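**Q** Pasting in a structure now, in structure tokens, and then I'll have a few things to ask.
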Amino acid sequence: SEALKCLRADIRYFKWRNGVVGHTTVIWSASVEPNSELLPNLKTANELLEAIELDEAERGGPIPPSILYATAALLEGCSFINGGSQNTVSCPGLVDLAQQQLGVYCLGTDFKAGQTKFKTAALEYIRTMGLTPRVVASS
């Protein structure tokens with residue numbers, strides 16, 4: 001996909017521009033994405049890469065941005081840490097891709113406590129009931 005190619009080019013440019021010659025770790029700390037029902041079905045690295053190349057209708061749903069970043073990082077020889085509560089690293093195809101790359105790792109499910117996971121699950125439940133929450137806050 002064009003997005004994956006652009007992300008890979010951005011990683012290469014960042015490393016070149018900043019003189020990075022050693023190991024690099026890409027850290028995902030963006031806002032929470034909804035969990036993707038598609039990810040658990042992508043069992044191998046090849047299935048993941050093929051799914052990224054398909055359009056959304058052929059694939060049966062969107063590819064989350066965190067998966068694109070993680071895939072780009074791994075293909076560029078970088079490790080990936082997921083700081084969000086989405087199910088990015090529970091994708092078997094992503095794990096397979098990480099295992100195929102030498103010296104990289106792919107890990108993490110949340111930088112925060114279980115509170116974020118609860119809020120995400122609660123919001124998904126509320127939305128499936130047809131309600132639209134306006135604010136979700138915690139102290």
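By convention in this document, the chains of the structure tokens carry letters A, B, ... by their order, each chain's residues are numbered from 1, and ligands are numbered from 1 in the order they are shown.
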Mind checking which residues fall within 10 Å of Leu107 (chain A), counting only C-alpha atoms, ignoring those fewer than 5 positions away in the same chain, and posting them as number ranges by chain?
**A** A: 27, 70, 79-83, 88-90, 95, 98
**Q** Just want the 9 Å neighbourhood of Gln101 (chain A), counted on only C-alpha atoms, with same-chain residues fewer than 5 positions away dropped. Output as JSON, numbers by chain.
**A** {"A": [74, 75, 77, 96]}
**Q** Residues of the last selection are to be written out with all heavy atoms, as a compact mmCIF listing (two decimals), in the first residue's frame.
**A**
# COMPACT_ATOMS: atom_id res chain seq x y z
N LEU A 74 8.96 -2.92 11.52
CA LEU A 74 9.59 -4.24 11.45
C LEU A 74 10.28 -4.46 10.11
O LEU A 74 11.39 -4.99 10.06
CB LEU A 74 8.56 -5.33 11.72
CG LEU A 74 7.94 -5.33 13.12
CD1 LEU A 74 6.84 -6.37 13.22
CD2 LEU A 74 8.99 -5.54 14.19
N LEU A 75 9.62 -4.04 9.02
CA LEU A 75 10.23 -4.22 7.70
C LEU A 75 11.50 -3.39 7.53
O LEU A 75 12.36 -3.73 6.72
CB LEU A 75 9.22 -3.89 6.60
CG LEU A 75 8.07 -4.88 6.44
CD1 LEU A 75 7.04 -4.35 5.45
CD2 LEU A 75 8.57 -6.25 6.02
N GLY A 77 13.63 -3.01 9.95
CA GLY A 77 14.59 -3.51 10.93
C GLY A 77 14.52 -2.83 12.28
O GLY A 77 15.46 -2.89 13.07
N ASP A 96 4.56 -12.99 13.66
CA ASP A 96 5.32 -13.79 12.71
C ASP A 96 6.34 -12.92 11.96
O ASP A 96 7.49 -13.32 11.79
CB ASP A 96 4.36 -14.47 11.73
CG ASP A 96 5.06 -15.42 10.77
OD1 ASP A 96 5.97 -16.16 11.20
OD2 ASP A 96 4.68 -15.44 9.58
**Q** Nearest to Phe14 (chain A) among A:Leu39, A:Ala73, A:Val135, A:Cys91, with distances taken over only C-alpha atoms: which residue is it?
**A** A:Ala73
**Q** Which parts of region 30-101 of chain A does DSSP call alpha helix (DSSP H) when run on the backbone here, written out as a PyMOL selection string?
**A** chain A and resi 45-53+56-59+65-75+92-100
**Q** In Å to one decimal, how far is CA of Lys119 (chain A) from CA of Leu94 (chain A)?
**A** 25.4 Å
**Q** I'd like the contact shell of region 44-61 of chain A - 10 Å cut-off, only C-alpha atoms, skipping same-chain residues fewer than 6 positions apart - returned as a PyMOL selection string.
**A** chain A and resi 1-4+36-38+67-68+71+91-100
**Q** Nearest to Ile11 (chain A) among A:Asn41, A:His23, A:Pro64, A:Ala72, with distances taken over only C-alpha atoms: which residue is it?
**A**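 Result for the nearest residue to Ile11 (chain A): A:Ala72.
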**Q** Check the DSSP output for the backbone and give back, as a ChimeraX atom specification, the residues of region 61-96 of chain A in strand (DSSP E).
**A** /A:79-82
**Q** Atoms to include: N, CA, C and O atoms. Write the selected residues as a PDB file, in the first residue's frame.
**A**
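Output saved as part07.pdb:
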ATOM      1  N   SER A  79      12.444  -2.156  16.013  1.00  0.00           N
ATOM      2  CA  SER A  79      11.505  -2.776  16.941  1.00  0.00           C
ATOM      3  C   SER A  79      10.286  -1.874  17.068  1.00  0.00           C
ATOM      4  O   SER A  79      10.325  -0.697  16.704  1.00  0.00           O
ATOM      5  N   PHE A  80       9.202  -2.410  17.615  1.00  0.00           N
ATOM      6  CA  PHE A  80       7.957  -1.653  17.759  1.00  0.00           C
ATOM      7  C   PHE A  80       7.380  -1.887  19.145  1.00  0.00           C
ATOM      8  O   PHE A  80       7.260  -3.022  19.590  1.00  0.00           O
ATOM      9  N   ILE A  81       7.054  -0.783  19.821  1.00  0.00           N
ATOM     10  CA  ILE A  81       6.383  -0.856  21.117  1.00  0.00           C
ATOM     11  C   ILE A  81       5.033  -0.180  20.979  1.00  0.00           C
ATOM     12  O   ILE A  81       4.944   0.967  20.552  1.00  0.00           O
ATOM     13  N   ASN A  82       3.992  -0.920  21.320  1.00  0.00           N
ATOM     14  CA  ASN A  82       2.630  -0.389  21.278  1.00  0.00           C
ATOM     15  C   ASN A  82       2.291   0.201  22.638  1.00  0.00           C
ATOM     16  O   ASN A  82       2.238  -0.511  23.622  1.00  0.00           O
TER      17      ASN A  82
END
**Q** Do you know which residues are at most 10 Å from Pro34 (chain A) counting only C-alpha atoms, after dropping those on the same chain fewer than 5 positions away, and could you put them as a PyMOL selection string?
**A** chain A and resi 64+85-87+120-121+123-124
**Q** Given the selection you just returned, output its residues as a file containing all heavy atoms, formatted as a JSON list (two decimals), in the first residue's frame.
**A**
[["chain", "number", "residue", "atom", "x", "y", "z"],
["A", 64, "PRO", "N", -5.87, -0.93, 10.92],
["A", 64, "PRO", "CA", -5.60, 0.14, 11.87],
["A", 64, "PRO", "C", -4.24, 0.81, 11.60],
["A", 64, "PRO", "O", -3.28, 0.14, 11.21],
["A", 64, "PRO", "CB", -5.57, -0.58, 13.22],
["A", 64, "PRO", "CG", -6.31, -1.85, 13.00],
["A", 64, "PRO", "CD", -6.06, -2.22, 11.57],
["A", 85, "SER", "N", -4.01, 0.89, 23.87],
["A", 85, "SER", "CA", -4.70, -0.28, 24.41],
["A", 85, "SER", "C", -5.35, -1.14, 23.34],
["A", 85, "SER", "O", -6.03, -2.10, 23.64],
["A", 85, "SER", "CB", -5.77, 0.17, 25.41],
["A", 85, "SER", "OG", -6.73, 0.98, 24.77],
["A", 86, "GLN", "N", -5.14, -0.81, 22.06],
["A", 86, "GLN", "CA", -5.73, -1.62, 20.99],
["A", 86, "GLN", "C", -4.99, -2.94, 20.85],
["A", 86, "GLN", "O", -3.95, -3.14, 21.45],
["A", 86, "GLN", "CB", -5.74, -0.85, 19.67],
["A", 86, "GLN", "CG", -4.40, -0.55, 19.09],
["A", 86, "GLN", "CD", -3.72, 0.68, 19.70],
["A", 86, "GLN", "OE1", -4.28, 1.39, 20.52],
["A", 86, "GLN", "NE2", -2.51, 0.92, 19.28],
["A", 87, "ASN", "N", -5.51, -3.82, 20.01],
["A", 87, "ASN", "CA", -4.99, -5.19, 19.92],
["A", 87, "ASN", "C", -3.91, -5.35, 18.84],
["A", 87, "ASN", "O", -3.78, -6.42, 18.26],
["A", 87, "ASN", "CB", -6.13, -6.18, 19.70],
["A", 87, "ASN", "CG", -6.91, -5.94, 18.40],
["A", 87, "ASN", "OD1", -6.87, -4.87, 17.82],
["A", 87, "ASN", "ND2", -7.63, -6.96, 17.97],
["A", 120, "THR", "N", -12.21, 1.60, 27.20],
["A", 120, "THR", "CA", -12.37, 1.19, 25.81],
["A", 120, "THR", "C", -13.47, 0.14, 25.68],
["A", 120, "THR", "O", -14.35, 0.24, 24.82],
["A", 120, "THR", "CB", -11.05, 0.65, 25.25],
["A", 120, "THR", "OG1", -10.06, 1.67, 25.35],
["A", 120, "THR", "CG2", -11.19, 0.22, 23.80],
["A", 121, "ALA", "N", -13.44, -0.87, 26.54],
["A", 121, "ALA", "CA", -14.45, -1.93, 26.50],
["A", 121, "ALA", "C", -15.83, -1.37, 26.83],
["A", 121, "ALA", "O", -16.82, -1.71, 26.17],
["A", 121, "ALA", "CB", -14.08, -3.05, 27.47],
["A", 123, "LEU", "N", -16.91, 1.70, 26.41],
["A", 123, "LEU", "CA", -17.39, 2.52, 25.30],
["A", 123, "LEU", "C", -17.89, 1.67, 24.14],
["A", 123, "LEU", "O", -18.91, 1.99, 23.53],
["A", 123, "LEU", "CB", -16.27, 3.44, 24.81],
["A", 123, "LEU", "CG", -16.09, 4.73, 25.58],
["A", 123, "LEU", "CD1", -14.88, 5.50, 25.07],
["A", 123, "LEU", "CD2", -17.32, 5.59, 25.52],
["A", 124, "GLU", "N", -17.17, 0.61, 23.83],
["A", 124, "GLU", "CA", -17.62, -0.27, 22.76],
["A", 124, "GLU", "C", -18.98, -0.87, 23.10],
["A", 124, "GLU", "O", -19.87, -0.95, 22.25],
["A", 124, "GLU", "CB", -16.59, -1.38, 22.50],
["A", 124, "GLU", "CG", -15.35, -0.87, 21.80],
["A", 124, "GLU", "CD", -14.31, -1.96, 21.58],
["A", 124, "GLU", "OE1", -14.64, -3.15, 21.68],
["A", 124, "GLU", "OE2", -13.16, -1.59, 21.29]]
**Q** Go ahead and compute the interatomic distance for CA of Leu7 (chain A) and CA of Cys106 (chain A), in Å to one decimal.
**A**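 Separation between CA of Leu7 (chain A) and CA of Cys106 (chain A): 16.9 Å.
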**Q** How many Å separate CA of Pro65 (chain A) from CA of Val104 (chain A)?
**A**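 Computing it gives 19.9 Å between the two atoms.
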**Q** Using only C-alpha atoms, pick whichever of A:Thr132, A:Thr109, A:Asn35, A:Thr25 has the shortest atom-to-atom distance to Tyr69 (chain A).
**A**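 Closest to Tyr69 (chain A) of all the choices is A:Thr25.
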